[in-house]
$ cat query-v5.csv   # CSV, C-alpha atoms
chain,number,residue,atom,x,y,z
A,705,MET,CA,80.6,114.5,89.9
A,706,SER,CA,82.6,117.6,90.6
A,707,VAL,CA,84.6,118.1,93.8
A,708,ARG,CA,83.2,121.2,95.6
A,709,LEU,CA,86.0,123.4,97.0
A,710,LEU,CA,86.0,126.1,99.6
A,711,ILE,CA,89.2,128.2,99.7
A,712,PHE,CA,90.3,130.2,102.7
A,713,VAL,CA,93.7,131.9,102.5
A,714,GLN,CA,95.0,135.3,103.8
A,715,GLU,CA,96.4,136.7,100.6
A,716,ARG,CA,93.6,138.0,98.3
A,717,THR,CA,95.8,137.8,95.2
A,718,PHE,CA,96.7,134.2,95.9
A,719,SER,CA,93.1,133.3,96.7
A,720,ASP,CA,91.8,134.7,93.4
A,721,ALA,CA,94.5,133.1,91.3
A,722,LEU,CA,94.1,129.8,93.0
A,723,ALA,CA,90.3,129.8,92.5
A,724,THR,CA,90.7,130.7,88.8
A,725,ARG,CA,93.2,127.9,88.2
A,726,LEU,CA,91.2,125.3,90.1
A,727,GLU,CA,87.9,126.3,88.4
A,728,ALA,CA,89.6,125.5,85.1
A,729,GLU,CA,89.7,121.8,86.0
A,730,GLN,CA,86.7,119.9,84.7
A,731,ASP,CA,86.1,117.9,87.9
A,732,LEU,CA,86.6,120.8,90.4
A,733,GLU,CA,84.1,123.5,91.5
A,734,VAL,CA,85.1,126.4,93.7
A,735,VAL,CA,82.1,127.2,95.9
A,736,ALA,CA,83.8,130.3,97.4
A,737,ALA,CA,87.3,131.8,97.9
A,738,LEU,CA,87.6,133.8,101.1
A,739,TYR,CA,90.5,136.0,102.2
A,740,ILE,CA,89.5,137.1,105.7
A,741,ARG,CA,92.2,137.3,108.3
A,742,ALA,CA,90.0,136.3,111.3
A,743,PRO,CA,88.1,133.2,110.2
A,744,SER,CA,84.9,132.0,111.8
A,745,PRO,CA,83.0,128.7,111.3
A,746,GLN,CA,80.0,130.8,110.4
A,747,LEU,CA,81.7,131.7,107.1
A,748,PHE,CA,81.4,128.1,106.0
A,749,ARG,CA,77.8,127.5,107.0
A,750,GLY,CA,75.8,126.3,104.0
A,751,SER,CA,78.8,126.0,101.7
A,752,ARG,CA,78.4,122.2,101.4
A,753,ALA,CA,82.1,121.9,100.3
A,754,ASP,CA,83.7,118.5,99.8
A,755,VAL,CA,87.2,119.8,100.5
A,756,VAL,CA,88.2,123.0,102.4
A,757,LEU,CA,91.6,124.5,101.5
A,758,LEU,CA,92.6,126.2,104.7
A,759,ASP,CA,95.4,128.7,105.3
A,760,GLY,CA,97.9,127.1,107.7
A,761,ASP,CA,99.7,130.4,108.2
A,762,LEU,CA,96.9,132.1,110.1
A,763,PRO,CA,98.1,133.8,113.3
A,764,GLY,CA,98.5,131.7,116.4
A,765,ASP,CA,96.4,128.5,116.5
A,766,ALA,CA,93.4,130.0,114.5
A,767,ALA,CA,93.7,127.4,111.6
A,768,PHE,CA,93.8,124.4,114.0
A,769,ARG,CA,90.9,125.6,116.0
A,770,LEU,CA,88.8,126.3,112.9
A,771,CYS,CA,89.7,122.9,111.5
A,772,GLU,CA,88.5,121.2,114.7
A,773,GLU,CA,85.3,123.1,114.7
A,774,LEU,CA,84.5,122.3,111.1
A,775,ARG,CA,85.2,118.6,111.8
A,776,GLN,CA,83.1,118.5,115.0
A,777,ARG,CA,80.2,120.3,113.4
A,778,GLY,CA,80.3,118.0,110.4
A,779,ASP,CA,80.6,120.8,107.9
A,780,THR,CA,83.3,118.8,106.0
A,781,SER,CA,85.3,115.7,106.6
A,782,HIS,CA,88.2,116.8,104.3
A,783,VAL,CA,90.4,119.8,105.3
A,784,VAL,CA,93.7,120.4,103.5
A,785,PHE,CA,96.1,123.0,104.9
A,786,LEU,CA,98.0,125.3,102.6
A,787,SER,CA,101.2,126.9,104.0
A,788,HIS,CA,104.4,128.6,103.0
A,789,PHE,CA,106.1,126.2,105.5
A,790,SER,CA,106.2,122.5,106.2
A,791,GLU,CA,107.2,122.3,109.9
A,792,PRO,CA,106.6,118.8,111.2
A,793,ALA,CA,105.2,120.0,114.5
A,794,ARG,CA,102.5,122.2,112.8
A,795,ILE,CA,101.7,119.3,110.4
A,796,VAL,CA,101.1,117.0,113.4
A,797,ARG,CA,98.9,119.6,115.0
A,798,ALA,CA,96.9,119.8,111.7
A,799,ILE,CA,96.5,116.1,111.6
A,800,ALA,CA,95.4,116.0,115.3
A,801,ALA,CA,92.8,118.7,114.4
A,802,GLY,CA,91.4,116.5,111.7
A,803,ALA,CA,93.2,117.6,108.5
A,804,VAL,CA,93.9,115.1,105.8
A,805,GLY,CA,96.5,116.9,103.8
A,806,TRP,CA,99.3,119.6,103.9
A,807,VAL,CA,100.5,121.4,100.8
A,808,ARG,CA,103.1,124.1,100.5
A,809,LYS,CA,101.8,127.2,98.7
A,810,GLU,CA,104.8,127.1,96.4
A,811,GLU,CA,104.1,123.6,95.2
A,812,SER,CA,102.7,122.9,91.7
A,813,LEU,CA,99.0,123.0,90.9
A,814,ASP,CA,99.2,119.3,89.9
A,815,ARG,CA,100.4,118.4,93.4
A,816,LEU,CA,97.5,120.3,95.0
A,817,ILE,CA,95.0,118.6,92.7
A,818,GLU,CA,96.5,115.3,93.6
A,819,VAL,CA,96.1,116.0,97.3
A,820,ILE,CA,92.5,117.2,96.7
A,821,HIS,CA,91.5,114.0,95.0
A,822,GLY,CA,93.3,112.0,97.7
A,823,ALA,CA,91.3,113.9,100.4
A,824,VAL,CA,88.1,112.9,98.8
A,825,ARG,CA,89.3,109.2,98.8
A,826,ASP,CA,90.0,109.7,102.6
A,827,GLU,CA,93.8,109.5,102.0
A,828,THR,CA,96.3,111.6,104.0
A,829,LEU,CA,99.0,113.2,101.8
A,830,LEU,CA,101.9,115.2,103.2
A,831,PRO,CA,105.1,116.7,101.9
A,832,SER,CA,107.3,113.8,101.1
A,833,ALA,CA,110.3,115.3,102.8
A,834,GLU,CA,108.4,115.7,106.1
A,835,THR,CA,106.7,112.3,106.3
A,836,GLY,CA,109.5,110.7,108.4
A,837,PRO,CA,109.7,113.5,111.0
A,838,VAL,CA,105.9,113.7,111.2
A,839,LEU,CA,105.7,110.0,111.8
A,840,ARG,CA,108.3,110.2,114.5
A,841,LEU,CA,106.4,113.0,116.2
A,842,LEU,CA,103.1,111.1,116.0
A,843,MET,CA,104.8,107.9,117.4
A,844,HIS,CA,106.3,109.6,120.4
A,845,GLY,CA,104.0,112.6,121.0
A,846,PRO,CA,102.5,113.1,124.5
A,847,ASP,CA,99.0,113.3,123.2
A,848,LEU,CA,98.7,109.8,121.9
A,849,LYS,CA,96.8,107.2,123.9
A,850,GLN,CA,99.5,105.6,126.0
A,851,ASP,CA,97.7,103.2,128.2
A,852,ASN,CA,95.1,101.3,126.1
A,853,GLY,CA,97.0,100.2,123.0
A,854,ASP,CA,96.2,96.5,123.6
A,855,GLN,CA,92.5,97.2,124.1
A,856,LEU,CA,92.4,99.3,120.9
A,857,LEU,CA,94.0,96.6,118.8
A,858,ALA,CA,91.8,94.0,120.3
A,859,ALA,CA,88.8,95.8,119.0
A,860,LEU,CA,89.9,95.4,115.4
A,861,THR,CA,88.8,92.5,113.2
A,862,ARG,CA,91.3,90.3,111.5
A,863,ARG,CA,90.9,92.0,108.2
A,864,GLU,CA,91.2,95.4,109.8
A,865,ARG,CA,94.5,94.3,111.4
A,866,GLU,CA,95.7,93.0,108.0
A,867,VAL,CA,94.9,96.4,106.4
A,868,LEU,CA,96.8,98.2,109.2
A,869,THR,CA,99.8,95.9,108.9
A,870,CYS,CA,100.0,96.6,105.1
A,871,LEU,CA,99.8,100.4,105.9
A,872,ALA,CA,102.6,100.1,108.5
A,873,GLU,CA,104.8,98.3,105.9
A,874,GLY,CA,104.4,101.3,103.6
A,875,ALA,CA,101.7,100.0,101.1
A,876,ASN,CA,99.5,102.5,99.4
A,877,ARG,CA,95.8,101.9,98.9
A,878,ARG,CA,96.1,100.4,95.5
A,879,ASP,CA,98.8,98.0,96.6
A,880,LEU,CA,96.9,97.2,99.7
A,881,ALA,CA,93.8,96.2,97.6
A,882,ASP,CA,95.8,94.0,95.3
A,883,HIS,CA,97.6,92.3,98.1
A,884,LEU,CA,94.5,91.5,100.1
A,885,HIS,CA,92.4,90.8,97.0
A,886,LEU,CA,89.9,93.5,98.0
A,887,SER,CA,88.1,96.2,96.0
A,888,PRO,CA,89.1,99.8,96.6
A,889,ASN,CA,85.7,100.5,98.2
A,890,THR,CA,86.1,97.6,100.6
A,891,VAL,CA,89.6,98.9,101.6
A,892,ARG,CA,88.1,102.3,102.2
A,893,THR,CA,85.4,100.8,104.4
A,894,HIS,CA,87.9,98.9,106.5
A,895,LEU,CA,90.1,102.0,106.9
A,896,GLN,CA,87.1,104.1,108.0
A,897,ASN,CA,86.1,101.4,110.5
A,898,LEU,CA,89.6,100.9,112.0
A,899,MET,CA,90.2,104.7,112.3
A,900,GLY,CA,86.9,105.0,114.1
A,901,LYS,CA,87.8,102.3,116.5
A,902,LEU,CA,91.3,103.8,117.2
A,903,GLY,CA,89.9,107.3,117.5
A,904,VAL,CA,92.2,108.8,114.9
A,905,HIS,CA,91.5,111.0,111.9
A,906,SER,CA,93.9,109.4,109.3
A,907,SER,CA,95.6,106.2,108.3
A,908,LEU,CA,98.9,107.8,109.1
A,909,GLU,CA,97.9,108.5,112.6
A,910,ALA,CA,96.5,105.0,113.0
A,911,VAL,CA,99.9,103.5,112.0
A,912,ALA,CA,101.8,105.9,114.3
A,913,LEU,CA,99.5,105.1,117.2
A,914,THR,CA,99.9,101.4,116.8
A,915,ARG,CA,103.7,101.6,116.6
A,916,SER,CA,104.0,103.9,119.5
A,917,GLN,CA,102.0,101.6,121.8
A,918,LEU,CA,103.4,98.2,121.0
A,919,GLY,CA,106.7,98.7,119.2
A,920,ASP,CA,107.3,97.5,115.7
A,921,ARG,CA,108.0,93.8,116.6
A,922,ARG,CA,105.1,93.5,119.1
A,923,SER,CA,102.8,95.4,116.8
A,924,GLN,CA,103.4,93.1,113.9
A,925,HIS,CA,102.7,90.1,116.1
A,926,ALA,CA,99.5,91.5,117.5
A,927,LEU,CA,98.2,92.7,114.1
A,928,SER,CA,98.8,89.3,112.5
A,929,SER,CA,97.0,87.4,115.1
A,930,ASN,CA,93.7,85.8,114.1
A,931,SER,CA,90.3,87.3,115.1
A,932,GLY,CA,86.9,86.9,113.7
A,933,TYR,CA,85.1,89.3,111.4

$ encode --input "query-v5.csv" --output "C-alpha coordinates"
Amino acid sequence: MSVRLLIFVQERTFSDALATRLEAEQDLEVVAALYIRAPSPQLFRGSRADVVLLDGDLPGDAAFRLCEELRQRGDTSHVVFLSHFSEPARIVRAIAAGAVGWVRKEESLDRLIEVIHGAVRDETLLPSAETGPVLRLLMHGPDLKQDNGDQLLAALTRREREVLTCLAEGANRRDLADHLHLSPNTVRTHLQNLMGKLGVHSSLEAVALTRSQLGDRRSQHALSSNSGY
(Lines of atoms letter the chains of each structure in order from A and count residues from 1; the text may use other names and numbers.)
(Lines give C-alpha, C1' and ligand atoms only; values in the text may rest on other atoms or scores of the structure.)
Protein backbone atom coordinates (compact mmCIF):
# COMPACT_ATOMS: atom_id res chain seq x y z
CA MET A 1 0.00 0.00 0.00
CA SER A 2 1.18 3.51 -0.79
CA VAL A 3 1.92 6.02 1.95
CA ARG A 4 -0.31 9.04 1.36
CA LEU A 5 1.51 12.34 1.88
CA LEU A 6 0.34 15.89 2.40
CA ILE A 7 3.04 18.53 1.97
CA PHE A 8 2.82 22.01 3.45
CA VAL A 9 5.83 24.32 3.04
CA GLN A 10 6.09 28.06 2.49
CA GLU A 11 8.25 28.02 -0.63
CA ARG A 12 6.25 27.16 -3.75
CA THR A 13 9.32 26.05 -5.73
CA PHE A 14 10.44 23.76 -2.92
CA SER A 15 6.93 22.37 -2.49
CA ASP A 16 6.55 21.54 -6.20
CA ALA A 17 10.03 20.02 -6.47
CA LEU A 18 9.55 17.92 -3.35
CA ALA A 19 6.17 16.65 -4.52
CA THR A 20 7.60 15.66 -7.90
CA ARG A 21 10.49 13.74 -6.36
CA LEU A 22 8.35 11.96 -3.79
CA GLU A 23 5.72 11.02 -6.37
CA ALA A 24 8.46 9.21 -8.28
CA GLU A 25 8.73 6.71 -5.41
CA GLN A 26 6.59 3.61 -5.99
CA ASP A 27 5.25 3.41 -2.44
CA LEU A 28 4.56 7.12 -1.91
CA GLU A 29 1.55 9.13 -3.06
CA VAL A 30 1.34 12.91 -2.70
CA VAL A 31 -2.28 13.82 -1.93
CA ALA A 32 -1.60 17.55 -2.09
CA ALA A 33 1.28 20.02 -1.92
CA LEU A 34 0.28 23.35 -0.36
CA TYR A 35 2.30 26.53 -0.13
CA ILE A 36 0.12 28.92 1.86
CA ARG A 37 1.82 31.10 4.46
CA ALA A 38 -1.08 31.18 6.96
CA PRO A 39 -2.18 27.55 7.43
CA SER A 40 -5.50 26.39 8.77
CA PRO A 41 -6.62 22.90 9.82
CA GLN A 42 -9.49 23.29 7.34
CA LEU A 43 -6.95 22.90 4.53
CA PHE A 44 -6.31 19.33 5.61
CA ARG A 45 -9.93 18.23 5.97
CA GLY A 46 -10.71 15.24 3.79
CA SER A 47 -7.08 14.70 2.78
CA ARG A 48 -6.82 11.31 4.54
CA ALA A 49 -3.04 11.59 4.55
CA ASP A 50 -0.88 9.05 6.38
CA VAL A 51 1.96 11.53 6.89
CA VAL A 52 1.90 15.33 6.88
CA LEU A 53 5.15 17.08 5.98
CA LEU A 54 4.79 20.39 7.80
CA ASP A 55 6.95 23.49 7.45
CA GLY A 56 8.67 24.10 10.78
CA ASP A 57 9.79 27.57 9.67
CA LEU A 58 6.30 29.11 9.74
CA PRO A 59 6.13 32.45 11.58
CA GLY A 60 5.77 32.33 15.35
CA ASP A 61 4.24 29.16 16.73
CA ALA A 62 1.92 28.52 13.76
CA ALA A 63 3.46 25.14 12.92
CA PHE A 64 3.21 23.87 16.50
CA ARG A 65 -0.40 24.99 16.88
CA LEU A 66 -1.35 23.39 13.59
CA CYS A 67 0.36 20.14 14.54
CA GLU A 68 -1.54 20.05 17.84
CA GLU A 69 -4.86 20.68 16.12
CA LEU A 70 -4.26 17.98 13.53
CA ARG A 71 -3.40 15.48 16.23
CA GLN A 72 -6.34 16.43 18.46
CA ARG A 73 -8.82 16.20 15.60
CA GLY A 74 -7.44 12.85 14.51
CA ASP A 75 -6.71 14.05 10.96
CA THR A 76 -3.35 12.29 11.08
CA SER A 77 -1.18 10.59 13.66
CA HIS A 78 2.07 11.23 11.82
CA VAL A 79 3.46 14.76 11.42
CA VAL A 80 7.03 15.33 10.25
CA PHE A 81 8.50 18.84 10.46
CA LEU A 82 10.68 20.21 7.65
CA SER A 83 12.98 23.10 8.50
CA HIS A 84 16.13 24.91 7.43
CA PHE A 85 17.24 24.69 11.06
CA SER A 86 17.52 22.03 13.75
CA GLU A 87 17.32 23.97 17.00
CA PRO A 88 16.82 21.54 19.92
CA ALA A 89 14.26 23.81 21.61
CA ARG A 90 12.06 23.91 18.51
CA ILE A 91 12.40 20.16 18.01
CA VAL A 92 11.23 19.63 21.60
CA ARG A 93 8.23 21.89 20.96
CA ALA A 94 7.41 19.87 17.85
CA ILE A 95 7.57 16.60 19.79
CA ALA A 96 5.36 18.07 22.52
CA ALA A 97 2.87 19.10 19.83
CA GLY A 98 2.75 15.53 18.57
CA ALA A 99 5.32 15.43 15.76
CA VAL A 100 7.17 12.18 15.09
CA GLY A 101 10.06 13.47 13.03
CA TRP A 102 12.22 16.47 12.12
CA VAL A 103 14.15 16.75 8.86
CA ARG A 104 16.28 19.62 7.63
CA LYS A 105 15.24 20.84 4.20
CA GLU A 106 18.84 20.52 3.02
CA GLU A 107 19.00 16.80 3.83
CA SER A 108 18.91 14.13 1.16
CA LEU A 109 15.72 12.72 -0.30
CA ASP A 110 16.77 9.29 0.98
CA ARG A 111 16.84 10.62 4.53
CA LEU A 112 13.40 12.18 4.18
CA ILE A 113 11.98 8.92 2.78
CA GLU A 114 13.56 7.04 5.70
CA VAL A 115 11.83 9.37 8.17
CA ILE A 116 8.49 9.04 6.33
CA HIS A 117 8.64 5.25 6.50
CA GLY A 118 9.69 5.48 10.15
CA ALA A 119 6.73 7.74 10.90
CA VAL A 120 4.30 5.18 9.50
CA ARG A 121 5.91 2.60 11.82
CA ASP A 122 5.35 5.01 14.75
CA GLU A 123 9.07 5.71 15.08
CA THR A 124 10.50 9.09 16.05
CA LEU A 125 13.48 10.11 13.92
CA LEU A 126 15.45 13.30 14.57
CA PRO A 127 18.68 14.81 13.23
CA SER A 128 21.43 12.66 14.75
CA ALA A 129 23.49 15.67 15.85
CA GLU A 130 20.56 17.03 17.87
CA THR A 131 19.38 13.84 19.57
CA GLY A 132 21.53 14.39 22.68
CA PRO A 133 20.51 18.03 23.27
CA VAL A 134 16.86 17.17 22.58
CA LEU A 135 16.94 14.34 25.13
CA ARG A 136 18.49 16.63 27.73
CA LEU A 137 15.80 19.25 27.18
CA LEU A 138 13.07 16.61 27.39
CA MET A 139 14.59 15.18 30.56
CA HIS A 140 14.82 18.52 32.38
CA GLY A 141 12.10 20.59 30.74
CA PRO A 142 9.51 22.25 32.99
CA ASP A 143 6.52 20.81 31.14
CA LEU A 144 7.22 17.18 31.98
CA LYS A 145 5.11 15.51 34.67
CA GLN A 146 7.18 16.06 37.79
CA ASP A 147 5.05 14.58 40.56
CA ASN A 148 3.65 11.28 39.37
CA GLY A 149 6.55 9.34 37.88
CA ASP A 150 6.11 6.40 40.25
CA GLN A 151 2.40 6.17 39.51
CA LEU A 152 3.01 6.29 35.76
CA LEU A 153 5.59 3.50 35.88
CA ALA A 154 3.39 1.42 38.15
CA ALA A 155 0.73 1.43 35.43
CA LEU A 156 3.04 -0.37 33.00
CA THR A 157 3.07 -4.15 32.64
CA ARG A 158 6.30 -6.09 33.04
CA ARG A 159 6.69 -6.45 29.29
CA GLU A 160 6.08 -2.74 28.74
CA ARG A 161 8.78 -1.96 31.30
CA GLU A 162 11.19 -4.30 29.52
CA VAL A 163 10.46 -2.53 26.24
CA LEU A 164 11.05 0.86 27.84
CA THR A 165 14.28 -0.35 29.44
CA CYS A 166 15.63 -1.48 26.07
CA LEU A 167 14.72 1.86 24.54
CA ALA A 168 16.47 3.71 27.37
CA GLU A 169 19.59 1.65 26.67
CA GLY A 170 19.57 2.81 23.04
CA ALA A 171 18.10 -0.23 21.29
CA ASN A 172 16.25 0.32 18.03
CA ARG A 173 13.01 -1.50 17.33
CA ARG A 174 14.60 -4.35 15.41
CA ASP A 175 17.13 -5.00 18.18
CA LEU A 176 14.37 -4.69 20.74
CA ALA A 177 12.26 -7.35 19.00
CA ASP A 178 15.23 -9.72 18.75
CA HIS A 179 16.27 -9.21 22.37
CA LEU A 180 12.78 -9.79 23.78
CA HIS A 181 11.89 -12.50 21.23
CA LEU A 182 8.87 -10.57 20.01
CA SER A 183 7.46 -9.85 16.58
CA PRO A 184 7.72 -6.26 15.25
CA ASN A 185 3.92 -5.93 15.46
CA THR A 186 3.95 -6.97 19.12
CA VAL A 187 6.71 -4.45 19.87
CA ARG A 188 4.67 -1.77 18.18
CA THR A 189 1.60 -2.67 20.26
CA HIS A 190 3.59 -2.51 23.51
CA LEU A 191 5.03 0.86 22.49
CA GLN A 192 1.63 2.30 21.67
CA ASN A 193 0.21 1.05 24.96
CA LEU A 194 3.02 2.38 27.14
CA MET A 195 3.05 5.76 25.39
CA GLY A 196 -0.68 6.03 26.02
CA LYS A 197 -0.24 5.23 29.70
CA LEU A 198 2.59 7.75 30.07
CA GLY A 199 0.69 10.42 28.14
CA VAL A 200 3.45 11.05 25.59
CA HIS A 201 3.55 11.12 21.81
CA SER A 202 6.79 9.26 21.10
CA SER A 203 9.13 6.60 22.45
CA LEU A 204 11.83 9.28 22.79
CA GLU A 205 9.60 11.33 25.06
CA ALA A 206 8.69 8.21 27.05
CA VAL A 207 12.35 7.47 27.76
CA ALA A 208 13.06 11.10 28.67
CA LEU A 209 10.05 11.27 30.98
CA THR A 210 11.09 8.11 32.80
CA ARG A 211 14.66 9.26 33.29
CA SER A 212 13.67 12.73 34.40
CA GLN A 213 11.40 11.36 37.10
CA LEU A 214 13.44 8.62 38.66
CA GLY A 215 17.05 9.12 37.62
CA ASP A 216 18.94 6.56 35.56
CA ARG A 217 19.76 4.16 38.41
CA ARG A 218 16.35 4.26 40.08
CA SER A 219 14.66 4.06 36.69
CA GLN A 220 16.48 0.88 35.78
CA HIS A 221 15.48 -0.70 39.10
CA ALA A 222 11.83 0.27 38.75
CA LEU A 223 11.59 -0.81 35.12
CA SER A 224 13.08 -4.22 35.78
CA SER A 225 10.78 -5.04 38.69
CA ASN A 226 8.22 -7.75 38.08
CA SER A 227 4.60 -7.04 37.37
CA GLY A 228 1.85 -9.09 35.82
CA TYR A 229 0.58 -8.75 32.29

$ closest_residue --input "query-v5.csv" --among "A:Ala800, A:Pro888, A:Glu909, A:Val783" --to "A:Ile820" --atoms "all atoms listed in the file"
A:Val783

$ closest_residue --input "query-v5.csv" --among "A:Leu816, A:Glu810, A:Ala912, A:Pro792" --to "A:Ala833" --atoms "only C-alpha atoms"
A:Pro792

$ atom_distance --input "query-v5.csv" --atom1 "atom CA of A:Lys809" --atom2 "atom CA of A:Leu758"
11.0 Å

$ atom_distance --input "query-v5.csv" --atom1 "atom CA of A:Phe712" --atom2 "atom CA of A:Val784"
10.4 Å

$ atom_distance --input "query-v5.csv" --atom1 "atom CA of A:Leu886" --atom2 "atom CA of A:Met899"
18.2 Å

$ closest_residue --input "query-v5.csv" --among "A:Leu726, A:Val804, A:Ala910, A:Ala793" --to "A:Leu860" --atoms "only C-alpha atoms"
A:Ala910

$ closest_residue --input "query-v5.csv" --among "A:Leu871, A:Leu908, A:Leu884, A:Leu813" --to "A:Ala728" --atoms "all atoms listed in the file"
A:Leu813

$ closest_residue --input "query-v5.csv" --among "A:Val796, A:Ala881, A:Leu841, A:Leu722" --to "A:Glu811" --atoms "only C-alpha atoms"
A:Leu722

$ residues_near_point --input "query-v5.csv" --point "(85.9, 121.1, 113.0)" --cutoff "10 Å" --atoms "only C-alpha atoms" --output "list in words"
Pro745, Phe768, Arg769, Leu770, Cys771, Glu772, Glu773, Leu774, Arg775, Gln776, Arg777, Gly778, Asp779, Thr780, Ser781, His782, Val783, Ala801, Gly802 and Ala803 of chain A

$ write_last_selection --input "query-v5.csv" --atoms "C-alpha atoms" --output "short mmCIF file (atom, residue, chain, number, x, y, z; two decimals), keeping the file's coordinate frame"
data_model
loop_
_atom_site.label_atom_id
_atom_site.label_comp_id
_atom_site.auth_asym_id
_atom_site.auth_seq_id
_atom_site.Cartn_x
_atom_site.Cartn_y
_atom_site.Cartn_z
CA PRO A 745 83.00 128.70 111.30
CA PHE A 768 93.80 124.40 114.00
CA ARG A 769 90.90 125.60 116.00
CA LEU A 770 88.80 126.30 112.90
CA CYS A 771 89.70 122.90 111.50
CA GLU A 772 88.50 121.20 114.70
CA GLU A 773 85.30 123.10 114.70
CA LEU A 774 84.50 122.30 111.10
CA ARG A 775 85.20 118.60 111.80
CA GLN A 776 83.10 118.50 115.00
CA ARG A 777 80.20 120.30 113.40
CA GLY A 778 80.30 118.00 110.40
CA ASP A 779 80.60 120.80 107.90
CA THR A 780 83.30 118.80 106.00
CA SER A 781 85.30 115.70 106.60
CA HIS A 782 88.20 116.80 104.30
CA VAL A 783 90.40 119.80 105.30
CA ALA A 801 92.80 118.70 114.40
CA GLY A 802 91.40 116.50 111.70
CA ALA A 803 93.20 117.60 108.50
#

$ closest_residue --input "query-v5.csv" --among "A:Arg794, A:His894, A:Arg878, A:Arg752" --to "A:Arg862" --atoms "all atoms listed in the file"
A:His894

$ closest_atom_pairs --input "query-v5.csv" --of "stretch 801-831 of chain A" --to "stretch 835-839 of chain A" --cutoff "12 Å" --atoms "all atoms listed in the file" --output "CSV"
residue,atom,partner,partner_atom,distance
A:Gly805,CA,A:Thr835,CA,11.5
A:Trp806,CA,A:Thr835,CA,10.7
A:Thr828,CA,A:Thr835,CA,10.7
A:Leu829,CA,A:Thr835,CA,9.0
A:Leu830,CA,A:Thr835,CA,6.4
A:Pro831,CA,A:Thr835,CA,6.4
